[in-house]
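Just below is one structure, and these are the notes that go with it.
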Amino acid sequence: MMFCKIRFNLFFYLLFFAFCFQITHSQDNIIEDKNFRFKFMLSANWDKKDSKETKDKDGISYTFERKDKKMAIMLLAFKLSSVKNLDDFIYNMEKDISLNIPSKSGDYTEQDFGKYDMKSATYKDAKFQEVIYYFRTKLPDATNNYVYMLRFITEIKDYSPDIESIIKIIAGTFTPTAE
C-alpha cells in the first residue's frame with residue numbers, strides 16, 4: 001500500500017512539473033524568418049516594434065523592445081550570393097554612420113558552429129552599453145548565404161548581470177537555418 005502511495009505521489013509531482021514547464025515555456029515566442037533563414041526565441045516580455053525589408057529583398061531589419069524599456073534589440077539580416085568574409089561584414093557595420101555603434105570595448109569572442117560562425121563584442125559610450133553578435137553562414141555550394149547582426153542596446157544605468165544573462169540566453173537561441 002505504501003509503495004502505491006509513493007508511486008502516485010511521484011507521478012503527481014512529475015505531472016505537476018511537466019505542466020509548470022509547459023506553461024513557462026509556452027510564453028516564449030519563436031521569431032523566425034524563412035526568407036532570411038534564421039530563428040531565435042524571445043520571452044513574452046518583448047514587443048516587436050518594427051520590421052523593414054529593402055526594395056531589392058536582399059536585406060531586412062527588425063527591432064524589438066523589452067516591455068520595461070530597459071533593452072532593445074536590432075536585428076539586421078542580409079542575403080548574399082556567396083560566403084561573406086565575417087571581418088569585412090563587421091568592419092562595414094561598425095563604420096556605418098547610420099547605425100551609430102559606440103566604440104568597441106575589449107576583444108571579440110569567436111565561435112564556429114560548422115555551417116555558420118559568430119563573433120561578438122561589447123561596445124560602450126557615455127550613455128549606452130551594447131553587445132553585438134555577428135553571424136555568417138558558410139555554405140559555399142548554396143544558392144544564398146546570409147550575414148546577421150544581432151544588436152542588444154541598453155543604457156549604461158540599466159546594464160546589470162541580469163541583463164547580461166538575458167543577452168546571452170537570447171543570443172544562444174539565435175540560429176541561422178540555411179542549409
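Chain identifiers are assigned as A, B, and so on, following the order in which chains appear in the C-alpha cells; residues are numbered from 1 within each chain, and ligands are numbered from 1 in order of appearance.
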Backbone DSSP call of strand (DSSP E or B) for chain A, listed as a ChimeraX atom specification | /A:29-33,38-42,46-53,59-66,72-80,103-112,116-124,128-137,145-155,175-176
Contact residues around Arg151 of chain A with only C-alpha atoms at 12 Å, ignoring same-chain residues under 3 positions, as a PDB file with C-alpha atoms, in the first residue's frame:
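That gives us out_30.pdb:
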```pdb
ATOM      1  CA  SER A  61      15.773  44.819 -40.190  1.00  0.00           C
ATOM      2  CA  TYR A  62      13.779  44.041 -37.071  1.00  0.00           C
ATOM      3  CA  THR A  63      13.523  45.965 -33.815  1.00  0.00           C
ATOM      4  CA  PHE A  64      12.230  44.637 -30.508  1.00  0.00           C
ATOM      5  CA  GLU A  65      11.881  46.332 -27.134  1.00  0.00           C
ATOM      6  CA  MET A  71      16.742  46.954 -23.508  1.00  0.00           C
ATOM      7  CA  ALA A  72      16.178  46.961 -27.246  1.00  0.00           C
ATOM      8  CA  ILE A  73      17.235  44.505 -29.933  1.00  0.00           C
ATOM      9  CA  MET A  74      18.084  45.377 -33.507  1.00  0.00           C
ATOM     10  CA  LEU A  75      18.484  42.523 -35.962  1.00  0.00           C
ATOM     11  CA  LEU A  76      19.856  43.071 -39.457  1.00  0.00           C
ATOM     12  CA  ALA A  77      19.913  40.195 -41.951  1.00  0.00           C
ATOM     13  CA  MET A  93      28.639  47.517 -39.730  1.00  0.00           C
ATOM     14  CA  GLU A  94      30.922  49.244 -37.218  1.00  0.00           C
ATOM     15  CA  LEU A  99      23.915  52.620 -37.099  1.00  0.00           C
ATOM     16  CA  ASN A 100      25.730  54.884 -34.616  1.00  0.00           C
ATOM     17  CA  ILE A 101      27.552  51.976 -32.924  1.00  0.00           C
ATOM     18  CA  PRO A 102      29.693  53.118 -29.955  1.00  0.00           C
ATOM     19  CA  LYS A 119      31.878  36.919 -33.424  1.00  0.00           C
ATOM     20  CA  SER A 120      30.639  39.144 -30.642  1.00  0.00           C
ATOM     21  CA  ALA A 121      31.887  42.196 -28.785  1.00  0.00           C
ATOM     22  CA  THR A 122      30.830  44.797 -26.253  1.00  0.00           C
ATOM     23  CA  TYR A 123      30.544  48.456 -27.281  1.00  0.00           C
ATOM     24  CA  GLN A 129      26.414  49.677 -23.440  1.00  0.00           C
ATOM     25  CA  GLU A 130      25.752  47.322 -26.317  1.00  0.00           C
ATOM     26  CA  VAL A 131      26.550  43.714 -27.049  1.00  0.00           C
ATOM     27  CA  ILE A 132      26.593  42.831 -30.727  1.00  0.00           C
ATOM     28  CA  TYR A 133      26.712  39.348 -32.255  1.00  0.00           C
ATOM     29  CA  TYR A 134      27.713  38.967 -35.891  1.00  0.00           C
ATOM     30  CA  PHE A 135      26.885  35.714 -37.684  1.00  0.00           C
ATOM     31  CA  TYR A 148      23.353  38.829 -39.444  1.00  0.00           C
ATOM     32  CA  THR A 154      20.994  49.063 -23.122  1.00  0.00           C
ATOM     33  CA  ILE A 167      21.509  38.781 -23.646  1.00  0.00           C
ATOM     34  CA  LYS A 168      23.495  35.530 -23.540  1.00  0.00           C
ATOM     35  CA  ILE A 170      18.664  35.172 -26.310  1.00  0.00           C
ATOM     36  CA  ALA A 171      21.841  35.165 -28.402  1.00  0.00           C
ATOM     37  CA  PHE A 174      19.835  32.534 -32.459  1.00  0.00           C
TER      38      PHE A 174
END
```
May I have the residues within 7 Å of segment 143-145 of chain A as a list of chain:residue names, using only C-alpha atoms and disregarding those fewer than 3 positions away in the same chain?
->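 In the requested form, the answer reads A:Lys79, A:Leu80, A:Ser81, A:Ser82, A:Val83, A:Thr137, A:Lys138, A:Leu139.
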Asn35 of chain A environment, 12 Å, only C-alpha atoms, sequence neighbours closer than 3 positions dropped, as a PyMOL selection string = chain A and resi 32+38-39+53+57-60+77-79+144-146+176-178
Writing out the chosen residues with N, CA and C atoms as a compact mmCIF listing (two decimals), in the first residue's frame:
```
# COMPACT_ATOMS: atom_id res chain seq x y z
N GLU A 32 10.97 33.81 -36.30
CA GLU A 32 11.53 33.05 -37.42
C GLU A 32 11.26 33.79 -38.72
N PHE A 38 16.60 32.44 -40.43
CA PHE A 38 17.07 32.46 -39.05
C PHE A 38 15.88 32.28 -38.12
N LYS A 39 16.22 31.95 -36.87
CA LYS A 39 15.20 31.93 -35.82
C LYS A 39 15.90 32.14 -34.48
N GLU A 53 12.00 45.64 -44.94
CA GLU A 53 12.78 44.91 -45.93
C GLU A 53 13.22 45.87 -47.02
N LYS A 57 14.81 43.21 -51.74
CA LYS A 57 14.50 41.99 -50.97
C LYS A 57 15.76 41.22 -50.57
N ASP A 58 16.90 41.95 -50.41
CA ASP A 58 18.14 41.29 -50.01
C ASP A 58 18.58 41.65 -48.60
N GLY A 59 17.76 42.41 -47.89
CA GLY A 59 18.07 42.77 -46.51
C GLY A 59 16.80 43.07 -45.74
N ILE A 60 16.87 42.83 -44.43
CA ILE A 60 15.71 43.11 -43.57
C ILE A 60 16.22 43.56 -42.21
N ALA A 77 19.61 41.42 -41.21
CA ALA A 77 19.91 40.19 -41.95
C ALA A 77 20.06 40.54 -43.42
N PHE A 78 21.07 39.95 -44.05
CA PHE A 78 21.33 40.20 -45.47
C PHE A 78 21.51 38.88 -46.20
N LYS A 79 20.91 38.80 -47.38
CA LYS A 79 21.00 37.63 -48.26
C LYS A 79 22.09 37.91 -49.29
N ASN A 144 22.25 30.80 -51.70
CA ASN A 144 22.38 32.01 -50.89
C ASN A 144 23.12 31.72 -49.60
N ASN A 145 23.86 32.72 -49.14
CA ASN A 145 24.44 32.74 -47.82
C ASN A 145 23.91 33.99 -47.13
N TYR A 146 24.08 34.07 -45.82
CA TYR A 146 23.48 35.14 -45.05
C TYR A 146 24.48 35.68 -44.04
N PRO A 176 21.08 30.52 -37.56
CA PRO A 176 20.81 30.57 -38.99
C PRO A 176 20.26 29.21 -39.44
N THR A 177 19.23 29.21 -40.25
CA THR A 177 18.61 27.94 -40.64
C THR A 177 18.86 27.58 -42.09
N ALA A 178 19.76 28.31 -42.75
CA ALA A 178 20.08 27.99 -44.15
C ALA A 178 20.82 26.66 -44.23
```
Per DSSP on the backbone, filter segment 26-129 of chain A down to the residues in alpha helix (DSSP H) and report them as a ChimeraX atom specification.
-> /A:26,86-95
Which is closest to Lys69 of chain A among A:Ile97, A:Ile153, A:Ala44, A:Ala126, if we use only C-alpha atoms?
-> A:Ile153
Grab the atom CA of Gln111 of chain A to atom CA of Asp87 of chain A distance for me, in Å with one decimal place.
->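 Interatomic distance here is 13.4 Å.
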Enter the distance from atom CA of Val147 of chain A to atom CA of Ile30 of chain A, in Å, rounded to one decimal.
->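 Computing it gives 19.5 Å between the two atoms.
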Residue neighbourhood Glu155 of chain A, 7 Å, only C-alpha atoms, exclusion window fewer than 2 positions, as a list in words =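 Listed by chain and then number, they are Lys127, Phe128, Gln129, Ile153, Lys157, Asp158 and Tyr159 of chain A.
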Please produce an output containing C-alpha atoms for each residue in the selection, written as a PDB file, in the first residue's frame.
```pdb
ATOM      1  CA  LYS A 127      25.187  56.624 -22.429  1.00  0.00           C
ATOM      2  CA  PHE A 128      24.910  53.113 -23.877  1.00  0.00           C
ATOM      3  CA  GLN A 129      26.414  49.677 -23.440  1.00  0.00           C
ATOM      4  CA  ILE A 153      21.179  48.057 -26.787  1.00  0.00           C
ATOM      5  CA  LYS A 157      22.340  52.761 -15.959  1.00  0.00           C
ATOM      6  CA  ASP A 158      20.251  49.654 -16.779  1.00  0.00           C
ATOM      7  CA  TYR A 159      23.097  47.277 -17.646  1.00  0.00           C
TER       8      TYR A 159
END
```
